[in-house]
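Visitor: Before we start, here is the structure in question, set down as C-alpha cells.
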Amino acid sequence: MVKNKDAIKKKISYLIDFAISENKSHKSNPYIKRYVKLAFEFAKRINYRVPKEIQRQVCKNCFEIRDANNTKTRITRGKVNHKVKRYLQLHCVSCNYVKKISI
Ligand SMILES: [Zn+2]
C-alpha cells in the first residue's frame, strides 16, 4: 500500500503541467512523453482516476499532448437506446486513437 496518496496526486498534476509548458516552450525536449507516461503510471499505482481536464489535453494511448497539428476534431452522431446522441470526437493522428466526449 502507498501511504501518502495526496503527495502522489500533487506529483501527477505537477508532471502534466510541466509537460504542457515544455511542449509550448521547448518542443525538441525528448522527455515530454516520458513525463506524461510517468504521471499515468503513478495514477495506476494508487488507483486514482486522472481528472477530465487532464485527459482531454493528453492522449492516453501514446502519451502525447494534444495540439492543433496533432489532432482532428469533429462532431458525430450515434444511437444509444434508440436516441440520437452527439459526440465530440478527438482523433490522435500519430496513433489513430479516437476519444469520444458526449455533448
Ligand atoms: Zn495518441
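A note on labels: chains of the C-alpha cells are A, B, ... as shown, every chain counts residues from 1, and ligands are counted from 1 in their shown order.
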List as a ChimeraX atom specification the protein and nucleic acid residues lying within 10 Å of ligand 1, with only C-alpha atoms and all ligand atoms counted.
Guide: /A:58-66,70-71,90-99
Visitor: So that I can check the secondary structure, give me every residue of chain A assigned helix (DSSP H, G or I) by backbone DSSP, as number ranges by chain.
Guide: A: 5-25, 32-45, 52-57
Visitor: May I ask for the distance between atom CA of A:Ile75 and atom CA of A:Arg56, given in Å to one decimal place?
Guide: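 Separation of atom CA of A:Ile75 and atom CA of A:Arg56: 15.3 Å.
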Visitor: For A:Val50, which residue out of A:Ile12, A:Ala7, A:Asp67, A:Asn23 is the nearest one, using only C-alpha atoms?
Guide: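 Using only C-alpha atoms, the shortest distance to A:Val50 belongs to A:Ile12.
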Visitor: Could you jot down the atom CA of A:Ile103 to atom CA of A:Val80 separation for me, Å, one decimal place?
Guide: 13.3 Å
Visitor: Report, in Å with one decimal, the straight-line distance from atom CA of A:His26 to atom CA of A:Glu53.
Guide: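 Here the two named atoms are 22.4 Å from each other.
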Visitor: Just the residues within 12 Å of A:Leu38, please, counting only C-alpha atoms, with nothing from its chain fewer than 6 positions along; format it as number ranges by chain.
Guide: A: 8, 11-16, 19, 31-32, 44-45, 60, 63
